[in-house]
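Pasting target.txt here (compact mmCIF, C-alpha atoms):
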# COMPACT_ATOMS: atom_id res chain seq x y z
CA MET A 28 22.49 -23.05 -3.87
CA THR A 29 20.45 -20.40 -2.14
CA ALA A 30 17.62 -18.18 -3.34
CA ARG A 31 18.11 -14.68 -4.71
CA ILE A 32 15.57 -12.20 -3.35
CA GLY A 33 15.32 -8.72 -4.85
CA VAL A 34 14.68 -5.60 -2.79
CA VAL A 35 13.47 -2.57 -4.73
CA THR A 36 14.79 0.87 -3.83
CA PHE A 37 12.55 3.78 -4.82
CA PRO A 38 13.42 7.42 -4.12
CA GLY A 39 12.13 7.72 -0.56
CA SER A 40 12.49 4.06 0.40
CA LEU A 41 13.70 3.73 3.99
CA ASP A 42 13.97 0.05 4.84
CA ASP A 43 15.76 -1.40 1.82
CA ARG A 44 19.00 -2.03 3.76
CA ASP A 45 17.18 -3.57 6.75
CA THR A 46 15.24 -5.80 4.35
CA GLN A 47 18.41 -6.90 2.59
CA ARG A 48 19.92 -7.69 5.99
CA ALA A 49 16.86 -9.72 7.05
CA ILE A 50 17.15 -11.74 3.83
CA ARG A 51 20.82 -12.40 4.56
CA VAL A 52 20.09 -13.37 8.18
CA ALA A 53 17.56 -15.91 6.88
CA GLY A 54 20.24 -17.43 4.67
CA ALA A 55 19.19 -16.12 1.26
CA GLU A 56 21.02 -13.72 -1.05
CA PRO A 57 19.63 -10.17 -1.26
CA VAL A 58 19.77 -8.45 -4.64
CA ALA A 59 19.39 -4.67 -4.88
CA LEU A 60 16.87 -3.55 -7.52
CA TRP A 61 16.46 0.03 -8.74
CA HIS A 62 13.13 1.70 -9.47
CA LYS A 63 14.26 2.90 -12.93
CA ASP A 64 15.29 -0.58 -14.09
CA LYS A 65 12.78 -2.88 -15.71
CA ASP A 66 15.33 -5.68 -15.19
CA LEU A 67 14.72 -7.83 -12.11
CA LYS A 68 18.16 -9.51 -12.47
CA GLN A 69 16.53 -12.93 -12.56
CA VAL A 70 15.65 -12.91 -8.84
CA ASP A 71 13.45 -15.67 -7.43
CA ALA A 72 11.26 -13.30 -5.38
CA VAL A 73 10.86 -9.56 -4.73
CA VAL A 74 10.30 -7.50 -1.59
CA LEU A 75 8.83 -3.99 -1.83
CA CYS A 76 10.04 -2.38 1.37
CA GLY A 77 8.85 0.41 3.63
CA GLY A 78 9.38 4.13 3.31
CA PHE A 79 7.74 7.03 1.49
CA SER A 80 8.34 6.30 -2.18
CA TYR A 81 8.25 9.48 -4.30
CA GLY A 82 7.28 11.32 -1.10
CA ASP A 83 3.94 9.48 -1.07
CA TYR A 84 2.67 12.40 -3.17
CA LEU A 85 -0.85 11.99 -4.57
CA ARG A 86 -1.50 8.83 -2.51
CA ALA A 87 0.85 6.47 -0.68
CA GLY A 88 2.40 4.21 -3.33
CA ALA A 89 0.49 5.81 -6.22
CA ILE A 90 3.50 7.12 -8.14
CA ALA A 91 5.79 4.17 -7.35
CA ARG A 92 3.18 1.91 -8.90
CA PHE A 93 3.95 3.47 -12.32
CA SER A 94 7.76 3.17 -12.04
CA PRO A 95 9.62 1.07 -14.66
CA VAL A 96 10.52 -1.66 -12.17
CA MET A 97 6.85 -2.12 -11.25
CA ASP A 98 5.90 -2.84 -14.88
CA THR A 99 8.01 -5.98 -14.64
CA VAL A 100 7.04 -6.79 -11.04
CA ILE A 101 3.31 -6.59 -11.92
CA ASP A 102 3.71 -8.85 -14.99
CA GLN A 103 5.78 -11.43 -13.15
CA ALA A 104 3.66 -11.38 -9.98
CA ARG A 105 0.63 -12.24 -12.13
CA ALA A 106 2.71 -15.13 -13.53
CA GLY A 107 3.50 -16.41 -10.01
CA LEU A 108 6.64 -14.56 -8.86
CA PRO A 109 6.52 -14.32 -5.04
CA VAL A 110 6.20 -10.66 -3.97
CA LEU A 111 6.07 -9.32 -0.41
CA GLY A 112 5.00 -5.72 0.23
CA ILE A 113 5.83 -4.27 3.62
CA CYS A 114 4.14 -1.00 4.69
CA ASN A 115 4.76 1.31 1.71
CA GLY A 116 5.23 -1.89 -0.30
CA PHE A 117 1.73 -3.00 0.74
CA GLN A 118 0.39 0.38 -0.35
CA ILE A 119 2.13 0.00 -3.72
CA LEU A 120 0.61 -3.47 -4.18
CA THR A 121 -2.92 -2.15 -3.59
CA GLU A 122 -2.30 0.80 -5.94
CA ALA A 123 -1.07 -1.72 -8.55
CA HIS A 124 -4.23 -3.79 -7.97
CA LEU A 125 -2.13 -6.87 -7.24
CA LEU A 126 -3.98 -6.88 -3.91
CA PRO A 127 -7.59 -5.70 -3.46
CA GLY A 128 -8.73 -2.72 -1.40
CA GLY A 129 -6.83 0.46 -0.61
CA MET A 130 -4.82 2.18 2.11
CA LEU A 131 -5.79 5.49 3.73
CA GLY A 132 -4.55 7.68 6.58
CA ASN A 133 -4.75 6.30 10.12
CA ASP A 134 -8.18 7.06 11.59
CA HIS A 135 -6.60 9.04 14.47
CA LEU A 136 -4.61 11.17 11.96
CA HIS A 137 -1.28 10.59 13.72
CA PHE A 138 1.86 8.73 12.74
CA ILE A 139 2.13 5.60 14.83
CA CYS A 140 5.17 3.57 15.96
CA ARG A 141 4.66 0.63 18.30
CA ASP A 142 5.31 -3.05 18.83
CA GLN A 143 2.14 -4.57 17.48
CA LYS A 144 0.63 -7.90 18.42
CA LEU A 145 -0.69 -9.84 15.44
CA ARG A 146 -2.36 -13.16 14.81
CA VAL A 147 -1.21 -15.22 11.85
CA GLU A 148 -4.41 -16.15 10.04
CA ASN A 149 -2.99 -17.82 6.94
CA ALA A 150 0.19 -19.92 7.17
CA ASP A 151 -0.10 -21.31 3.65
CA THR A 152 1.16 -18.36 1.57
CA ALA A 153 4.62 -18.29 -0.03
CA TRP A 154 5.76 -15.97 2.76
CA THR A 155 4.12 -17.51 5.85
CA THR A 156 4.66 -21.29 5.88
CA ASP A 157 7.13 -21.10 8.78
CA TYR A 158 4.32 -19.76 10.98
CA THR A 159 1.38 -21.77 12.24
CA ALA A 160 -2.18 -20.57 11.76
CA GLY A 161 -3.40 -18.91 14.95
CA GLN A 162 0.13 -18.08 16.12
CA GLU A 163 0.47 -14.74 17.96
CA ILE A 164 3.51 -12.64 17.11
CA HIS A 165 4.92 -9.16 17.85
CA ILE A 166 6.11 -7.07 14.92
CA PRO A 167 7.02 -3.35 14.89
CA LEU A 168 4.47 -1.10 13.18
CA LYS A 169 5.27 2.42 11.96
CA ASN A 170 3.14 4.32 9.50
CA MET A 171 0.93 7.25 8.62
CA ASP A 172 -1.35 5.56 6.07
CA GLY A 173 -2.15 2.18 7.59
CA ARG A 174 -5.95 2.07 7.39
CA TYR A 175 -6.99 -0.81 5.18
CA VAL A 176 -10.33 -0.24 3.45
CA ALA A 177 -12.32 -2.24 0.92
CA ASP A 178 -15.96 -2.57 -0.03
CA GLN A 179 -18.09 -5.13 1.76
CA ARG A 180 -18.02 -7.58 -1.13
CA THR A 181 -14.21 -7.60 -1.15
CA LEU A 182 -14.09 -8.01 2.63
CA ASP A 183 -16.52 -10.93 2.46
CA GLU A 184 -14.41 -12.50 -0.27
CA LEU A 185 -11.18 -12.09 1.71
CA GLU A 186 -12.78 -13.52 4.85
CA GLY A 187 -14.45 -16.37 2.99
CA GLU A 188 -11.32 -17.43 1.10
CA GLY A 189 -8.97 -17.17 4.10
CA ARG A 190 -7.04 -14.39 2.41
CA ILE A 191 -6.61 -12.24 5.51
CA ALA A 192 -3.05 -13.24 6.35
CA PHE A 193 -2.55 -11.20 9.53
CA ARG A 194 -4.93 -9.48 11.93
CA TYR A 195 -4.22 -6.87 14.61
CA LEU A 196 -4.70 -8.17 18.14
CA ASP A 197 -5.58 -6.21 21.33
CA VAL A 198 -5.45 -2.82 19.57
CA ASN A 199 -6.57 -1.80 16.11
CA PRO A 200 -3.86 0.83 15.58
CA ASN A 201 -5.24 2.62 12.53
CA GLY A 202 -8.92 1.88 11.96
CA SER A 203 -8.34 -0.92 9.44
CA LEU A 204 -11.57 -2.73 8.55
CA ASN A 205 -11.91 -6.19 10.13
CA ASP A 206 -8.61 -5.53 12.02
CA ILE A 207 -6.75 -6.37 8.82
CA ALA A 208 -2.94 -6.07 9.10
CA GLY A 209 -2.08 -8.04 5.96
CA ILE A 210 -3.66 -9.91 3.09
CA THR A 211 -2.71 -12.32 0.31
CA ASN A 212 -3.81 -12.71 -3.28
CA ALA A 213 -5.78 -15.82 -4.23
CA ALA A 214 -2.67 -17.66 -5.46
CA GLY A 215 -0.74 -16.96 -2.23
CA ASN A 216 2.36 -15.58 -3.98
CA VAL A 217 1.61 -11.89 -3.33
CA VAL A 218 1.37 -10.83 0.33
CA GLY A 219 1.18 -7.33 1.79
CA LEU A 220 1.17 -6.14 5.39
CA MET A 221 1.64 -2.89 7.29
CA PRO A 222 3.92 -4.08 10.16
CA HIS A 223 7.65 -4.52 9.53
CA PRO A 224 8.95 -8.10 9.89
CA GLU A 225 12.39 -7.02 8.66
CA HIS A 226 12.82 -5.07 11.92
CA ALA A 227 12.28 -8.22 14.01
CA VAL A 228 14.87 -10.74 12.84
CA GLU A 229 17.63 -10.50 15.44
CA SER A 230 17.41 -11.05 19.19
CA LEU A 231 20.07 -8.42 19.87
CA ILE A 232 18.02 -5.45 18.74
CA GLY A 233 14.48 -4.13 18.88
CA THR A 234 12.03 -6.10 20.93
CA GLY A 235 14.51 -8.93 21.41
CA ARG A 236 12.18 -11.20 19.49
CA THR A 237 12.72 -12.68 16.05
CA ASP A 238 9.05 -12.96 15.15
CA GLY A 239 9.62 -11.47 11.70
CA LEU A 240 12.26 -13.95 10.57
CA PRO A 241 9.80 -16.66 9.41
CA PHE A 242 8.73 -14.42 6.47
CA PHE A 243 12.22 -14.76 5.04
CA THR A 244 12.85 -18.40 6.00
CA SER A 245 9.42 -19.35 4.58
CA ILE A 246 10.21 -17.96 1.14
CA LEU A 247 13.75 -19.36 1.20
CA LYS A 248 12.46 -22.88 1.89
CA LYS A 249 9.83 -22.58 -0.79
CA LEU A 250 12.35 -21.43 -3.40
CA VAL A 251 15.11 -23.89 -2.49
CA ASN A 252 12.69 -26.83 -2.40
CA ALA A 253 11.00 -25.77 -5.63
CA MET B 4 -5.98 27.55 -23.71
CA ALA B 5 -8.40 25.95 -21.33
CA ARG B 6 -8.38 24.48 -17.90
CA VAL B 7 -9.77 21.08 -17.05
CA VAL B 8 -10.62 20.48 -13.41
CA VAL B 9 -10.60 17.02 -11.89
CA ASP B 10 -12.22 16.75 -8.46
CA VAL B 11 -11.47 13.64 -6.43
CA MET B 12 -13.47 12.66 -3.35
CA LEU B 13 -13.38 9.63 -1.07
CA LYS B 14 -16.33 7.36 -1.77
CA PRO B 15 -19.26 8.31 0.48
CA GLU B 16 -19.09 5.10 2.52
CA ILE B 17 -15.43 5.57 3.44
CA LEU B 18 -14.60 7.29 6.73
CA ASP B 19 -12.92 10.68 6.29
CA PRO B 20 -11.17 11.53 9.59
CA GLN B 21 -9.68 14.74 8.14
CA GLY B 22 -13.12 16.03 7.21
CA GLN B 23 -14.41 15.07 10.65
CA ALA B 24 -11.56 16.97 12.34
CA VAL B 25 -12.45 20.05 10.30
CA GLN B 26 -16.14 19.67 11.13
CA ARG B 27 -15.40 19.36 14.86
CA ALA B 28 -13.35 22.58 14.79
CA LEU B 29 -16.20 24.62 13.32
CA PRO B 30 -18.23 25.32 16.49
CA ARG B 31 -15.10 26.63 18.22
CA LEU B 32 -14.72 29.10 15.34
CA GLY B 33 -18.29 30.24 15.70
CA PHE B 34 -19.64 28.32 12.70
CA GLU B 35 -22.80 26.53 13.72
CA GLY B 36 -25.08 24.37 11.67
CA ILE B 37 -22.52 22.40 9.63
CA SER B 38 -23.38 18.76 10.19
CA ASP B 39 -20.69 17.14 8.05
CA VAL B 40 -17.48 18.00 6.20
CA ARG B 41 -15.70 15.84 3.67
CA GLN B 42 -12.31 16.78 2.28
CA GLY B 43 -11.15 16.02 -1.26
CA LYS B 44 -8.59 16.94 -3.87
CA ARG B 45 -8.83 19.29 -6.84
CA PHE B 46 -6.48 19.05 -9.83
CA GLU B 47 -6.27 21.91 -12.34
CA LEU B 48 -4.89 20.80 -15.69
CA GLU B 49 -3.85 23.59 -18.08
CA VAL B 50 -4.36 22.20 -21.56
CA ASP B 51 -2.44 23.41 -24.61
CA GLY B 52 -4.85 23.93 -27.50
CA PRO B 53 -8.56 23.32 -27.62
CA VAL B 54 -10.32 20.89 -25.31
CA ASP B 55 -12.28 18.59 -27.57
CA GLU B 56 -13.93 15.25 -26.93
CA ALA B 57 -10.69 13.33 -27.53
CA VAL B 58 -8.74 15.45 -25.03
CA LEU B 59 -11.46 15.09 -22.44
CA ALA B 60 -11.54 11.34 -22.96
CA ARG B 61 -7.78 11.13 -22.40
CA ILE B 62 -8.04 13.22 -19.23
CA HIS B 63 -10.85 10.97 -18.05
CA ASP B 64 -8.55 7.97 -18.52
CA LEU B 65 -5.78 9.78 -16.66
CA ALA B 66 -8.11 10.57 -13.77
CA GLU B 67 -9.38 7.02 -13.61
CA SER B 68 -5.96 5.37 -13.70
CA PHE B 69 -3.80 7.83 -11.80
CA LEU B 70 -5.32 10.95 -10.23
CA ALA B 71 -7.97 8.88 -8.44
CA ASN B 72 -7.83 5.38 -7.04
CA THR B 73 -11.30 4.23 -7.98
CA VAL B 74 -11.18 1.48 -5.35
CA ILE B 75 -11.57 4.18 -2.70
CA GLU B 76 -12.32 7.42 -4.57
CA ASP B 77 -14.82 8.95 -7.02
CA PHE B 78 -13.88 11.68 -9.49
CA THR B 79 -15.45 14.23 -11.83
CA VAL B 80 -13.95 15.94 -14.88
CA ARG B 81 -15.12 19.34 -16.14
CA VAL B 82 -13.87 22.16 -18.34
CA GLU B 83 -13.39 25.55 -16.71
CA GLU B 84 -13.09 28.80 -18.64
CA VAL B 85 -9.88 30.58 -17.69
CA ALA B 86 -10.66 34.17 -16.73
CA GLY B 87 -9.14 36.68 -19.12
CA ALA B 88 -8.03 34.08 -21.63
CA ALA B 89 -8.75 34.60 -25.29
CA LYS B 90 -11.69 32.52 -26.34
Rewrite the structure of this file - the entire thing - as structure tokens.
Amino acid sequence: MTARIGVVTFPGSLDDRDTQRAIRVAGAEPVALWHKDKDLKQVDAVVLCGGFSYGDYLRAGAIARFSPVMDTVIDQARAGLPVLGICNGFQILTEAHLLPGGMLGNDHLHFICRDQKLRVENADTAWTTDYTAGQEIHIPLKNMDGRYVADQRTLDELEGEGRIAFRYLDVNPNGSLNDIAGITNAAGNVVGLMPHPEHAVESLIGTGRTDGLPFFTSILKKLVNA
Amino acid sequence: MARVVVDVMLKPEILDPQGQAVQRALPRLGFEGISDVRQGKRFELEVDGPVDEAVLARIHDLAESFLANTVIEDFTVRVEEVAGAAK
């Protein structure tokens, strides 16, 4: 038996199909979820994918956060359901206060698209156990609102508790505080990051690296061994 | 009918690159002496019926939970008389 991982499609989502494919490549079963449905179809985990949900009007992720599907995702994430937010998904998780801090426009005011070097800082979350702490990986990054901000107390807490999951290396592409590319909640079941691991799961395309695949194999192992 | 205005600004300690870009353009336009610009959002809510304490409290809740993200933004709520409207 394999794990069933839900991928939510909002109006304006872009990477739902790529995310479903990455889940399949890892050996799990992707399940399409719809923003208007409160029903999560009994999935074992949920991915909030990239894109511009509801046009990113008001703030990135601000309207998606109040969609029917998010009511259930927020409740179940607090109860331990593994949730991964990629790019717009990360923004939705901060708007939903499942992750601390907030996301703002890149400090240089331009959209950015590049292969980004990252360091894995926390390999103990539900989504990162197939990495090793300190490992350096390359993952595509593409966004407008990628600047992670939080007050000093929150930053100190994240640093002190090892909750910065990924950090930008070589270049800080958007002005994120403390070079933060991704963070985890205290329990380790909710992870958000700006770069796109679902675009780096097959050697044939993209950078030719599969550095994003461990996100999906990590969660599969956790769920199957549970 | 009355209008309630909600102004939303980034918290003072958070970098505002859009405001900075505006500020940097000012000298080229002949505007000297502006040392800082910060850019925010203004929401105009047209309210049916009178704006009493209860309505204002509900709008305050709306601003706090939705119009502003209080992790990164501050907001103010005020009533504005609509010009020409019957009092």
For this session: Please determine the contact residues of chain A with respect to chain B at a cut-off of 8 Å, counting only C-alpha atoms, and supply them as a PyMOL selection string.
Result: chain A and resi 85+89+122+128-129+134-136+176-177
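Between CA of Leu220 (chain A) and CA of Phe78 (chain B) lies a distance of 27.7 Å.
By all atoms listed in the file, and with residues fewer than 2 positions from Glu163 (chain A) along its chain excluded, the set lying at most 12 Å from it is Gln143, Lys144, Leu145, Arg146, Val147, Glu148, Asn149, Ala150, Tyr158, Thr159, Ala160, Gly161, His165, Ile166, Phe193, Arg194, Tyr195, Leu196, Asp197, Asp238 and Gly239 of chain A.
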Exercise. Restricting the calculation to only C-alpha atoms, which member of B:Asp55, B:Ile62, B:Gly36, B:Gly43 is positioned closest to Val80 (chain B)?
Worked result: B:Ile62
Problem set entry | Pairwise distance for CA of Glu188 (chain A) and CA of Asn115 (chain A), rounded to one decimal in Å | 24.7 Å
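In this structure, CA of Trp61 (chain A) sits 6.7 Å away from CA of Phe37 (chain A).
Residues lying at most 12 Å from (3.6, -1.4, 18.4) in file coordinates, with only C-alpha atoms considered, are Phe138, Ile139, Cys140, Arg141, Asp142, Gln143, Lys144, Leu145, Ile164, His165, Ile166, Pro167, Leu168, Lys169, Asn170, Tyr195, Leu196, Asp197, Val198, Asn199, Pro200, Asn201, Met221, Pro222, His223, His226, Ala227, Gly233 and Thr234 of chain A.
If you measure from each of A:Gly77, A:Gly82, A:Gly187, A:Pro38 to Ser94 (chain A) using all atoms listed in the file, the closest one turns out to be A:Pro38.
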Exercise. Excluding same-chain residues fewer than 6 positions from region 124-127 of chain A, what lies within 9 Å of it counting only C-alpha atoms, as a ChimeraX atom specification?
Worked result: /A:101,104-105,117,177,181,185,210-212,217-219 /B:74
Save the residues we just selected, C-alpha atoms, as a PDB file, in the coordinates of the input?
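And here's result-v4.pdb as it stands now:
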ATOM      1  CA  ILE A 101       3.310  -6.590 -11.920  1.00  0.00           C
ATOM      2  CA  ALA A 104       3.660 -11.380  -9.980  1.00  0.00           C
ATOM      3  CA  ARG A 105       0.630 -12.240 -12.130  1.00  0.00           C
ATOM      4  CA  PHE A 117       1.730  -3.000   0.740  1.00  0.00           C
ATOM      5  CA  ALA A 177     -12.320  -2.240   0.920  1.00  0.00           C
ATOM      6  CA  THR A 181     -14.210  -7.600  -1.150  1.00  0.00           C
ATOM      7  CA  LEU A 185     -11.180 -12.090   1.710  1.00  0.00           C
ATOM      8  CA  ILE A 210      -3.660  -9.910   3.090  1.00  0.00           C
ATOM      9  CA  THR A 211      -2.710 -12.320   0.310  1.00  0.00           C
ATOM     10  CA  ASN A 212      -3.810 -12.710  -3.280  1.00  0.00           C
ATOM     11  CA  VAL A 217       1.610 -11.890  -3.330  1.00  0.00           C
ATOM     12  CA  VAL A 218       1.370 -10.830   0.330  1.00  0.00           C
ATOM     13  CA  GLY A 219       1.180  -7.330   1.790  1.00  0.00           C
TER      14      GLY A 219
ATOM     15  CA  VAL B  74     -11.180   1.480  -5.350  1.00  0.00           C
TER      16      VAL B  74
END
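Between Arg6 (chain B) and the candidates B:Glu47, B:Glu67, B:Ala60, B:Gly52, the tightest atom-to-atom separation, counting all atoms listed in the file, involves B:Glu47.
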Exercise. Neighbours of Arg92 (chain A) within 8 Å (all atoms listed in the file; same-chain residues fewer than 6 positions away dropped), as number ranges by chain?
Worked result: A: 119-120, 122-123
Find the residues around Arg27 (chain B) up to 12 Å (all atoms listed in the file counted), leave out those fewer than 6 positions away in its own chain, and share them as an mmCIF file with C-alpha atoms, in the frame of the given file.
data_model
loop_
_atom_site.group_PDB
_atom_site.id
_atom_site.type_symbol
_atom_site.label_atom_id
_atom_site.label_comp_id
_atom_site.auth_asym_id
_atom_site.auth_seq_id
_atom_site.Cartn_x
_atom_site.Cartn_y
_atom_site.Cartn_z
ATOM 1 C CA PRO B 20 -11.170 11.530 9.590
ATOM 2 C CA GLN B 21 -9.680 14.740 8.140
ATOM 3 C CA GLY B 33 -18.290 30.240 15.700
ATOM 4 C CA PHE B 34 -19.640 28.320 12.700
ATOM 5 C CA GLU B 35 -22.800 26.530 13.720
ATOM 6 C CA GLY B 36 -25.080 24.370 11.670
ATOM 7 C CA ILE B 37 -22.520 22.400 9.630
ATOM 8 C CA SER B 38 -23.380 18.760 10.190
ATOM 9 C CA ASP B 39 -20.690 17.140 8.050
ATOM 10 C CA VAL B 40 -17.480 18.000 6.200
ATOM 11 C CA ARG B 41 -15.700 15.840 3.670
#
